[in-house]
Amino acid sequence: MTRHTAHVNADAPLLRGLCLVVKSHRPDHDQHQQSTPGTVTKFPRRPDAGVLSKSIPLFFIGRNRNGLWIAREAEGRTGGVFLLKRSALRFAQENSAPVGCATMFIADPIDLDTEDHGNPLVRWIDAALSSVNRLIPAYPPPIPIGQKKNRKGDWR
């Protein structure tokens, strides 16, 4: 018995989307440990052809130090900074149309290392947040060695 598929569009891509989530595989990396301020994670290598075909475009999606969303093509050809996660995903989808793309979410903070093709307003927001973050001290402040707080909250 054979079945004929109905309503199949030969022009439509078969792959709609693929999502990979990357977590650190470093043994000295604690999951709950935050990265030190000012450090940025490097983009991982593209998975080998056994995992993801070379013909499928791959976009890295993650957040920068200021909490804004970054979308970057794996080869570094295009990328952008966005206010919303869905905007970053839409950017990846539009830049890989009509074929579709795979997305890899990066857990650690990342920085865009290519020309920003995202929203120009978000560039201004990112610059303003970076300036404000330089002025705000780290919280909580480090505890001086050998000192404790008294009942009033002062150091003794």
# chains A, B, ... in the order shown; residues from 1 in each chain; ligands from 1
call {"tool": "residues_around", "arguments": {"residues": "Leu68 in chain A", "least_positions_apart": "6", "cutoff": "10 Å", "atoms": "only C-alpha atoms", "output": "list in words"}}
result
Gly62, Val81, Phe82, Leu83, Leu84, Lys85, Ala88, Pro109, Ile110, Asp111, Val122, Arg123, Ile125, Asp126 and Leu129 of chain A
call {"tool": "atom_distance", "arguments": {"atom1": "CA of Ile56 in chain A", "atom2": "CA of Glu94 in chain A"}}
result
13.9 Å
call {"tool": "select_by_dssp", "arguments": {"residues": "range 58-144 of chain A", "states": "helix (DSSP H, G or I)", "output": "number ranges by chain"}}
result
A: 85-95, 120-135
call {"tool": "closest_residue", "arguments": {"among": "A:Val51, A:Leu112, A:Leu89, A:Cys101", "to": "Asn64 in chain A", "atoms": "only C-alpha atoms"}}
result
A:Leu112
call {"tool": "residues_around", "arguments": {"residues": "Pro57 in chain A", "least_positions_apart": "4", "cutoff": "8 Å", "atoms": "only C-alpha atoms", "output": "list in words"}}
result
Glu73, Ala74, Ser96, Gly100, Cys101 and Ala102 of chain A
call {"tool": "closest_residue", "arguments": {"among": "A:Pro98, A:Trp69, A:Lys152, A:Ile145", "to": "Asp116 in chain A", "atoms": "only C-alpha atoms"}}
result
A:Trp69
